[in-house]
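Containing TSV, C-alpha atoms and all ligand atoms: entry_27.tsv.
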```tsv
chain	number	residue	atom	x	y	z
A	1149	MET	CA	-10.31	-18.18	-46.06
A	1150	LYS	CA	-11.45	-21.02	-48.27
A	1151	PHE	CA	-14.99	-20.93	-49.57
A	1152	TYR	CA	-16.79	-23.72	-51.29
A	1153	SER	CA	-20.51	-24.25	-51.62
A	1154	ASP	CA	-22.70	-26.08	-54.12
A	1155	LYS	CA	-25.79	-24.22	-52.97
A	1156	MET	CA	-24.78	-20.63	-52.30
A	1157	ASN	CA	-22.76	-17.90	-53.97
A	1158	LEU	CA	-20.41	-15.71	-51.93
A	1159	ASN	CA	-20.79	-12.27	-53.48
A	1160	ILE	CA	-18.09	-9.70	-52.70
A	1161	LYS	CA	-18.89	-6.04	-53.28
A	1162	ASP	CA	-16.91	-3.15	-51.78
A	1163	ALA	CA	-15.26	-5.72	-49.44
A	1164	VAL	CA	-18.69	-6.77	-48.13
A	1165	GLY	CA	-19.33	-10.50	-48.41
A	1166	TYR	CA	-22.88	-11.80	-48.61
A	1167	LEU	CA	-24.40	-15.13	-49.50
A	1168	THR	CA	-27.25	-15.84	-51.91
A	1169	PHE	CA	-28.95	-19.12	-52.80
A	1170	LYS	CA	-28.14	-20.09	-56.38
A	1171	GLU	CA	-31.67	-21.46	-56.77
A	1172	LEU	CA	-33.35	-18.30	-55.43
A	1173	GLU	CA	-31.38	-16.13	-57.85
A	1174	LYS	CA	-33.65	-17.64	-60.51
A	1175	TYR	CA	-36.42	-15.35	-59.22
A	1176	PRO	CA	-35.25	-11.86	-60.12
A	1177	PHE	CA	-38.38	-10.22	-58.68
A	1178	ILE	CA	-36.81	-10.72	-55.25
A	1179	ASN	CA	-33.56	-9.53	-53.73
A	1180	HIS	CA	-32.21	-11.73	-50.95
A	1181	ALA	CA	-28.96	-11.93	-48.99
A	1182	PHE	CA	-27.38	-13.43	-45.90
A	1183	SER	CA	-24.56	-11.43	-44.33
A	1184	THR	CA	-21.13	-12.75	-43.34
A	1185	ARG	CA	-18.39	-11.37	-41.08
A	1186	LEU	CA	-16.88	-9.51	-44.02
A	1187	GLY	CA	-16.93	-5.81	-44.76
A	1188	GLY	CA	-18.09	-4.03	-41.60
A	1189	VAL	CA	-16.44	-1.53	-39.24
A	1190	SER	CA	-16.90	-3.30	-35.89
A	1191	LYS	CA	-13.88	-4.42	-33.86
A	1192	GLY	CA	-12.87	-7.12	-31.41
A	1193	PRO	CA	-15.37	-9.96	-30.91
A	1194	TYR	CA	-17.80	-8.11	-33.20
A	1195	LYS	CA	-15.42	-8.00	-36.15
A	1196	SER	CA	-16.50	-6.85	-38.55
A	1197	MET	CA	-20.03	-6.93	-40.02
A	1198	ASN	CA	-22.03	-6.98	-36.79
A	1199	LEU	CA	-25.73	-6.22	-37.28
A	1200	ARG	CA	-26.69	-6.62	-33.62
A	1201	PHE	CA	-27.84	-3.77	-31.40
A	1202	ASN	CA	-28.12	-4.33	-27.63
A	1203	CYS	CA	-24.57	-5.55	-27.14
A	1204	ASP	CA	-21.20	-3.98	-26.25
A	1205	ASP	CA	-20.53	-2.95	-29.83
A	1206	GLU	CA	-21.01	0.79	-30.37
A	1207	ARG	CA	-24.41	1.66	-31.81
A	1208	GLY	CA	-22.72	3.94	-34.33
A	1209	ASN	CA	-20.71	1.02	-35.68
A	1210	VAL	CA	-23.82	-1.11	-36.06
A	1211	LEU	CA	-25.69	1.65	-37.88
A	1212	GLU	CA	-22.70	2.15	-40.17
A	1213	ASN	CA	-22.64	-1.61	-40.84
A	1214	TYR	CA	-26.29	-1.49	-41.89
A	1215	LYS	CA	-25.54	1.33	-44.33
A	1216	ILE	CA	-22.52	-0.48	-45.75
A	1217	PHE	CA	-24.38	-3.77	-46.05
A	1218	CYS	CA	-27.47	-2.27	-47.68
A	1219	ASN	CA	-25.33	-0.44	-50.23
A	1220	ALA	CA	-23.41	-3.56	-51.15
A	1221	ALA	CA	-26.32	-5.98	-51.27
A	1222	GLY	CA	-28.76	-3.58	-52.94
A	1223	PHE	CA	-31.31	-2.87	-50.19
A	1224	ASP	CA	-32.81	0.52	-49.32
A	1225	TYR	CA	-31.66	1.33	-45.77
A	1226	ASN	CA	-34.95	3.12	-45.10
A	1227	SER	CA	-37.03	0.10	-46.13
A	1228	LEU	CA	-35.82	-2.35	-43.47
A	1229	VAL	CA	-38.21	-3.96	-40.95
A	1230	LEU	CA	-36.35	-5.73	-38.13
A	1231	THR	CA	-37.70	-8.56	-35.98
A	1232	ASP	CA	-37.35	-8.58	-32.20
A	1233	GLN	CA	-36.72	-12.31	-31.92
A	1234	THR	CA	-37.67	-14.22	-28.79
A	1235	HIS	CA	-37.92	-17.81	-30.11
A	1236	THR	CA	-41.67	-17.59	-30.69
A	1237	CYS	CA	-43.65	-18.78	-33.71
A	1238	ASN	CA	-45.18	-15.32	-34.14
A	1239	ILE	CA	-45.19	-14.01	-37.69
A	1240	ARG	CA	-46.18	-10.48	-38.51
A	1241	LYS	CA	-47.58	-9.23	-41.79
A	1242	VAL	CA	-45.77	-6.02	-42.65
A	1243	THR	CA	-46.38	-3.20	-45.12
A	1244	LYS	CA	-44.74	0.03	-46.23
A	1245	GLN	CA	-46.02	1.67	-43.02
A	1246	ASP	CA	-43.72	-0.61	-41.01
A	1247	MET	CA	-40.55	0.30	-42.90
A	1248	GLY	CA	-37.85	1.49	-40.52
A	1249	ILE	CA	-39.06	-0.44	-37.47
A	1250	GLY	CA	-36.10	-1.46	-35.34
A	1251	LEU	CA	-33.65	0.77	-37.19
A	1252	ILE	CA	-34.96	4.30	-37.65
A	1253	LYS	CA	-38.29	3.82	-35.85
A	1254	PRO	CA	-38.90	2.28	-32.40
A	1255	GLN	CA	-39.75	-1.39	-32.09
A	1256	ASN	CA	-42.55	-1.42	-29.52
A	1257	LYS	CA	-44.42	-4.69	-28.98
A	1258	PHE	CA	-42.80	-6.35	-31.94
A	1259	ASP	CA	-42.39	-9.79	-30.49
A	1260	VAL	CA	-41.99	-11.74	-33.73
A	1261	ASP	CA	-39.64	-14.31	-35.23
A	1262	GLY	CA	-41.03	-14.10	-38.72
A	1263	LEU	CA	-42.10	-11.43	-41.21
A	1264	ILE	CA	-44.24	-11.65	-44.31
A	1265	THR	CA	-45.22	-9.20	-47.03
A	1266	ASN	CA	-46.54	-8.87	-50.56
A	1267	GLU	CA	-45.59	-5.21	-50.88
A	1268	VAL	CA	-42.84	-4.11	-53.23
A	1269	GLY	CA	-39.80	-2.53	-51.59
A	1270	VAL	CA	-40.40	-3.62	-47.98
A	1271	THR	CA	-37.23	-5.37	-46.73
A	1272	LEU	CA	-37.71	-8.17	-44.21
A	1273	VAL	CA	-34.80	-8.66	-41.76
A	1274	THR	CA	-34.11	-11.53	-39.32
A	1275	PHE	CA	-30.97	-12.27	-37.24
A	1276	HIS	CA	-28.87	-15.38	-36.92
A	1277	ALA	CA	-25.83	-16.90	-35.25
A	1278	ASP	CA	-26.52	-20.65	-35.66
A	1279	CYS	CA	-30.34	-20.49	-35.70
A	1280	VAL	CA	-31.92	-21.31	-39.04
A	1281	PRO	CA	-32.97	-18.60	-41.51
A	1282	ILE	CA	-35.81	-19.67	-43.82
A	1283	PHE	CA	-36.44	-17.68	-47.00
A	1284	ILE	CA	-39.91	-18.38	-48.47
A	1285	ILE	CA	-41.12	-17.13	-51.84
A	1286	ASP	CA	-44.41	-17.60	-53.65
A	1287	LYS	CA	-43.21	-17.17	-57.22
A	1288	VAL	CA	-46.74	-16.75	-58.62
A	1289	LYS	CA	-48.53	-14.58	-56.04
A	1290	ARG	CA	-45.27	-12.73	-55.24
A	1291	VAL	CA	-45.47	-13.07	-51.48
A	1292	ILE	CA	-42.32	-13.44	-49.36
A	1293	ALA	CA	-41.65	-14.56	-45.79
A	1294	LEU	CA	-38.47	-14.66	-43.74
A	1295	LEU	CA	-38.17	-16.70	-40.55
A	1296	HIS	CA	-35.83	-17.19	-37.60
A	1297	ALA	CA	-36.07	-20.82	-36.46
A	1298	GLY	CA	-33.94	-22.01	-33.58
A	1299	TRP	CA	-34.84	-25.32	-31.99
A	1300	LYS	CA	-37.92	-23.83	-30.31
A	1301	GLY	CA	-39.26	-22.17	-33.44
A	1302	THR	CA	-38.53	-25.32	-35.43
A	1303	VAL	CA	-40.22	-27.79	-33.09
A	1304	ASN	CA	-43.16	-25.45	-32.47
A	1305	GLY	CA	-43.72	-25.10	-36.21
A	1306	ILE	CA	-42.93	-21.54	-37.28
A	1307	ALA	CA	-42.43	-22.90	-40.82
A	1308	SER	CA	-45.95	-24.38	-40.78
A	1309	ASN	CA	-47.30	-21.09	-39.50
A	1310	ALA	CA	-45.74	-19.19	-42.36
A	1311	ILE	CA	-47.14	-21.49	-45.05
A	1312	ASN	CA	-50.59	-21.40	-43.46
A	1313	ILE	CA	-50.63	-17.59	-43.32
A	1314	MET	CA	-49.50	-17.46	-46.95
A	1315	LYS	CA	-52.35	-19.80	-47.93
A	1316	SER	CA	-55.12	-18.28	-45.82
A	1317	GLU	CA	-54.31	-14.58	-46.01
A	1318	TYR	CA	-52.55	-14.21	-49.36
A	1319	GLY	CA	-54.21	-17.01	-51.37
A	1320	CYS	CA	-50.92	-18.81	-51.99
A	1321	ASN	CA	-50.70	-22.36	-53.32
A	1322	ALA	CA	-48.06	-24.58	-51.73
A	1323	GLU	CA	-46.90	-25.86	-55.12
A	1324	ASP	CA	-45.83	-22.33	-56.12
A	1325	ILE	CA	-43.67	-21.88	-53.02
A	1326	VAL	CA	-39.86	-22.03	-53.12
A	1327	CYS	CA	-37.73	-22.09	-49.94
A	1328	GLY	CA	-34.10	-21.55	-48.98
A	1329	ILE	CA	-33.00	-22.94	-45.59
A	1330	GLY	CA	-29.76	-21.87	-43.86
A	1331	PRO	CA	-26.89	-21.13	-43.34
A	1332	SER	CA	-27.14	-22.42	-39.79
A	1333	ILE	CA	-25.54	-24.84	-37.39
A	1334	SER	CA	-25.77	-28.18	-39.16
A	1335	LYS	CA	-26.10	-31.77	-38.04
A	1336	CYS	CA	-22.30	-32.11	-37.92
A	1337	CYS	CA	-22.18	-29.69	-34.96
A	1338	TYR	CA	-25.64	-29.45	-33.38
A	1339	GLU	CA	-25.35	-31.60	-30.29
A	1340	VAL	CA	-28.40	-31.26	-28.02
A	1341	SER	CA	-29.45	-32.32	-24.55
A	1342	GLU	CA	-31.81	-35.21	-23.91
A	1343	ASP	CA	-34.51	-32.66	-22.99
A	1344	VAL	CA	-34.28	-30.87	-26.32
A	1345	PHE	CA	-34.06	-34.12	-28.27
A	1346	ASN	CA	-37.21	-35.47	-26.62
A	1347	LYS	CA	-39.19	-32.49	-27.87
A	1348	PHE	CA	-38.34	-33.51	-31.44
A	1349	THR	CA	-39.66	-37.07	-31.17
A	1350	ASN	CA	-43.32	-36.15	-31.65
A	1351	ILE	CA	-43.49	-33.64	-34.50
A	1352	PRO	CA	-46.58	-34.38	-36.62
A	1353	ASN	CA	-45.84	-36.14	-39.93
A	1354	ILE	CA	-42.12	-36.46	-39.20
A	1355	ASN	CA	-40.24	-39.67	-38.57
A	1356	VAL	CA	-37.68	-38.84	-35.89
A	1357	GLU	CA	-35.14	-41.18	-37.52
A	1358	ASP	CA	-34.88	-38.67	-40.37
A	1359	ILE	CA	-33.75	-35.76	-38.19
A	1360	TYR	CA	-31.05	-36.98	-35.80
A	1361	TYR	CA	-28.14	-39.34	-35.28
A	1362	VAL	CA	-26.14	-40.44	-32.27
A	1363	GLY	CA	-22.59	-39.13	-32.31
A	1364	GLU	CA	-19.44	-40.97	-31.30
A	1365	ASN	CA	-19.77	-39.36	-27.87
A	1366	GLY	CA	-23.19	-40.97	-27.43
A	1367	LYS	CA	-25.03	-37.62	-27.64
A	1368	HIS	CA	-27.90	-36.73	-29.95
A	1369	PHE	CA	-27.15	-34.50	-32.92
A	1370	LEU	CA	-30.18	-32.82	-34.50
A	1371	ASP	CA	-30.67	-31.75	-38.10
A	1372	LEU	CA	-32.68	-28.54	-37.82
A	1373	ASN	CA	-32.38	-27.83	-41.53
A	1374	ASN	CA	-33.92	-31.13	-42.54
A	1375	THR	CA	-36.57	-30.85	-39.82
A	1376	ASN	CA	-37.71	-27.56	-41.31
A	1377	LYS	CA	-37.59	-29.04	-44.80
A	1378	LEU	CA	-39.82	-31.95	-43.74
A	1379	ILE	CA	-42.25	-29.56	-42.02
A	1380	LEU	CA	-42.46	-27.46	-45.20
A	1381	LYS	CA	-43.03	-30.64	-47.23
A	1382	SER	CA	-45.82	-31.70	-44.88
A	1383	GLU	CA	-47.54	-28.38	-45.67
A	1384	GLY	CA	-47.46	-29.20	-49.37
A	1385	VAL	CA	-44.26	-27.49	-50.52
A	1386	LYS	CA	-42.63	-29.66	-53.17
A	1387	GLU	CA	-39.37	-31.32	-52.19
A	1388	GLU	CA	-37.68	-30.09	-55.37
A	1389	ASN	CA	-38.52	-26.50	-54.36
A	1390	ILE	CA	-36.77	-26.65	-50.97
A	1391	PHE	CA	-33.05	-25.86	-50.94
A	1392	ILE	CA	-30.82	-26.36	-47.91
A	1393	SER	CA	-27.56	-24.45	-47.63
A	1394	ASP	CA	-24.49	-26.67	-47.32
A	1395	LEU	CA	-22.71	-24.14	-45.06
A	1396	CYS	CA	-22.57	-24.93	-41.35
A	1397	THR	CA	-22.06	-21.77	-39.29
A	1398	ARG	CA	-19.84	-23.50	-36.73
A	1399	CYS	CA	-17.65	-25.25	-39.30
A	1400	ASN	CA	-17.29	-21.96	-41.23
A	1401	HIS	CA	-16.79	-19.61	-38.28
A	1402	ASP	CA	-14.06	-17.63	-40.06
A	1403	LEU	CA	-16.74	-16.50	-42.52
A	1404	LEU	CA	-19.91	-16.87	-40.44
A	1405	ILE	CA	-20.85	-16.13	-36.82
A	1406	SER	CA	-21.55	-19.13	-34.59
A	1407	HIS	CA	-22.89	-18.88	-31.05
A	1408	ARG	CA	-21.77	-22.44	-30.34
A	1409	LYS	CA	-18.24	-21.61	-31.46
A	1410	THR	CA	-17.70	-18.27	-29.75
A	1411	GLY	CA	-20.29	-17.95	-26.97
A	1412	ALA	CA	-22.52	-14.96	-26.33
A	1413	ILE	CA	-20.02	-12.12	-26.86
A	1414	ARG	CA	-20.31	-11.91	-30.60
A	1415	GLY	CA	-22.18	-10.14	-33.37
A	1416	VAL	CA	-25.05	-11.43	-35.42
A	1417	MET	CA	-25.61	-11.92	-39.11
A	1418	ALA	CA	-28.77	-10.81	-40.87
A	1419	ALA	CA	-30.97	-12.39	-43.50
A	1420	MET	CA	-32.69	-9.83	-45.74
A	1421	MET	CA	-35.26	-10.16	-48.50
A	1422	CYS	CA	-37.52	-7.80	-50.44
A	1423	ILE	CA	-39.68	-7.72	-53.54
A	1424	ARG	CA	-37.93	-5.45	-56.04
A	1425	ASP	CA	-39.42	-2.30	-57.55
B	1501	ZN	ZN	-20.60	-28.11	-38.55
```
Just give me the structure as structure tokens.
Ligand SMILES: [Zn+2]
Amino acid sequence: MKFYSDKMNLNIKDAVGYLTFKELEKYPFINHAFSTRLGGVSKGPYKSMNLRFNCDDERGNVLENYKIFCNAAGFDYNSLVLTDQTHTCNIRKVTKQDMGIGLIKPQNKFDVDGLITNEVGVTLVTFHADCVPIFIIDKVKRVIALLHAGWKGTVNGIASNAINIMKSEYGCNAEDIVCGIGPSISKCCYEVSEDVFNKFTNIPNINVEDIYYVGENGKHFLDLNNTNKLILKSEGVKEENIFISDLCTRCNHDLLISHRKTGAIRGVMAAMMCIRD
């Protein structure tokens, strides 16, 4: 497997591979990671680091993968809060009381695609297999948010929601906010239907010419990463503080999991982030 990225490091620890944004590593008060296929115990189409429950992979394997991943990437297994993603723009503020939800505590009525906290040691977790992960950090107020943005979350503005909650409920200033976007399916591979494309033509403050091109096959290809970047910019986040991963999940399917590449019988990767003790 070849790996090359200008934007992300591939860290290997105890055979577990996880990605970190080079630019986010400059903020040591946070720990962040994006999982890869490497280092888990799952077999077959879930090989090997599958972090998805509710599939044909054995629950015991998935739990073991969480333990292995947390050990390697430096997260406390008991501190995880998992989303129950349904392509909404719902973002939930979480605290120490929520730690364990979705893993060691039940996940009742937890219909959210984004999590936010300012509490030390609470690990936010979202899931991805082409959809865009967005890591958001206020480096001054020490508030973090983690989002799952597929095309629905992107066009409906989950990124705007997050910045607005950070401003209104945590007193954040947009100029202090730093964001990492991806890895996700990139414009090289994200062909969409006319229906989906049409929804992207009227996003406030965004010129549609900046977020798509027409491929050789005559179909529209969308750039979800850049769409989210432009939405974050329109909320006041500085362009120089927004970093897009250069890894496309579909192009790198030997390392990353891609729904478009493999279909629905597959694992998922997780994004994780916490404020360190
Ligand atoms: Zn690609």
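Taking CA of Met1420 in chain A as the reference point, CA of Tyr1360 in chain A is found at 29.0 Å.
Proximal residues of ligand ZN 1501 (chain B) are Asp1278, Ser1332, Ile1333, Ser1334, Lys1335, Cys1336, Cys1337, Tyr1338, Asp1394, Leu1395, Cys1396, Thr1397, Arg1398, Cys1399, Asn1400, His1401, Ser1406 and Lys1409 of chain A, by a cut-off of 10 Å on all atoms listed in the file.
All residues of protein, DNA or RNA that reach within 8 Å of range 1177-1186 of chain A, judged by all atoms listed in the file and not counting those fewer than 2 positions away in the chain, are Ala1163, Val1164, Gly1165, Tyr1166, Leu1167, Thr1168, Tyr1175, Gly1188, Lys1195, Ser1196, Met1197, Asn1198, Phe1217, Ala1221, Gly1222, Phe1223, Asp1402, Leu1403, Leu1404, Ile1405, Met1417, Ala1418, Ala1419, Met1420, Met1421, Cys1422, Ile1423 and Arg1424 of chain A.
You will find CA of Asn1312 in chain A at 28.8 Å from CA of Asp1224 in chain A.
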Within-9 Å shell of (-44.6, -38.2, -43.5) in input frame, all atoms listed in the file, as a ChimeraX atom specification: /A:1352-1355,1378,1381-1382
In Å, rounded to a single decimal, give me how far CA of Gly1269 in chain A is from CA of Asn1202 in chain A. 26.7 Å
Name all residues at most 10 Å from Ser1153 in chain A (count only C-alpha atoms; drop same-chain ones fewer than 3 positions away) and give them as a list in words. Met1156, Asn1157, Leu1158, Phe1169, Lys1170, Ser1393, Asp1394 and Leu1395 of chain A
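Between Val1303 in chain A and the residues A:Leu1372, A:Val1291, A:Met1247, A:Val1362, the shortest atom-to-atom distance, using all atoms listed in the file, involves A:Leu1372.
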I'd like the neighbourhood of Ile1359 in chain A as a list in words, where a residue qualifies if any of its atoms comes within 7 Å (using all atoms listed in the file), though same-chain residues fewer than 4 positions away should be ignored. Leu1370, Asp1371, Asn1374 and Thr1375 of chain A
I need the residue nearest Gly1298 in chain A from this list: A:Thr1234, A:Thr1271, A:Asn1321, A:Asn1159. Use all atoms listed in the file for the distance. A:Thr1234
Measuring atom to atom with only C-alpha atoms, identify which of A:Cys1218, A:Met1314, A:Ser1190, A:Asp1261 is nearest to Asp1205 in chain A. A:Ser1190
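Residue nearest Gly1415 in chain A within the list A:Gln1233, A:Asn1304, A:Asn1213, A:Asn1309: A:Asn1213 [criterion: smallest interatomic distance, only C-alpha atoms].
Of the residues listed (A:Lys1253, A:His1276, A:Lys1287, A:His1235), A:His1235 shows the shortest atom-to-atom separation from Gly1301 in chain A; distances use all atoms listed in the file.
Of the listed residues (A:Val1288, A:Val1385, A:Pro1331, A:Ala1277), A:Val1385 comes nearest to Ala1310 in chain A; the distances count only C-alpha atoms.
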Got a sec: who's within 7 Å of Phe1283 in chain A, counting all atoms listed in the file, leaving out chain neighbours fewer than 5 positions off, as number ranges by chain? A: 1293-1295, 1327-1329
Residues just named, written with C-alpha atoms as a PDB file, keeping the file's coordinate frame:
```pdb
ATOM      1  CA  ALA A1293     -41.650 -14.560 -45.790  1.00  0.00           C
ATOM      2  CA  LEU A1294     -38.470 -14.660 -43.740  1.00  0.00           C
ATOM      3  CA  LEU A1295     -38.170 -16.700 -40.550  1.00  0.00           C
ATOM      4  CA  CYS A1327     -37.730 -22.090 -49.940  1.00  0.00           C
ATOM      5  CA  GLY A1328     -34.100 -21.550 -48.980  1.00  0.00           C
ATOM      6  CA  ILE A1329     -33.000 -22.940 -45.590  1.00  0.00           C
TER       7      ILE A1329
END
```
Once 4 Å is added on each side, what centre and edge lengths in Å to one decimal does the axis-aligned box around all listed atoms of range 1252-1264 of chain A have, as AutoDock Vina command-line options?
```
--center_x -39.7 --center_y -5.0 --center_z -36.6 --size_x 17.5 --size_y 26.6 --size_z 23.3
```
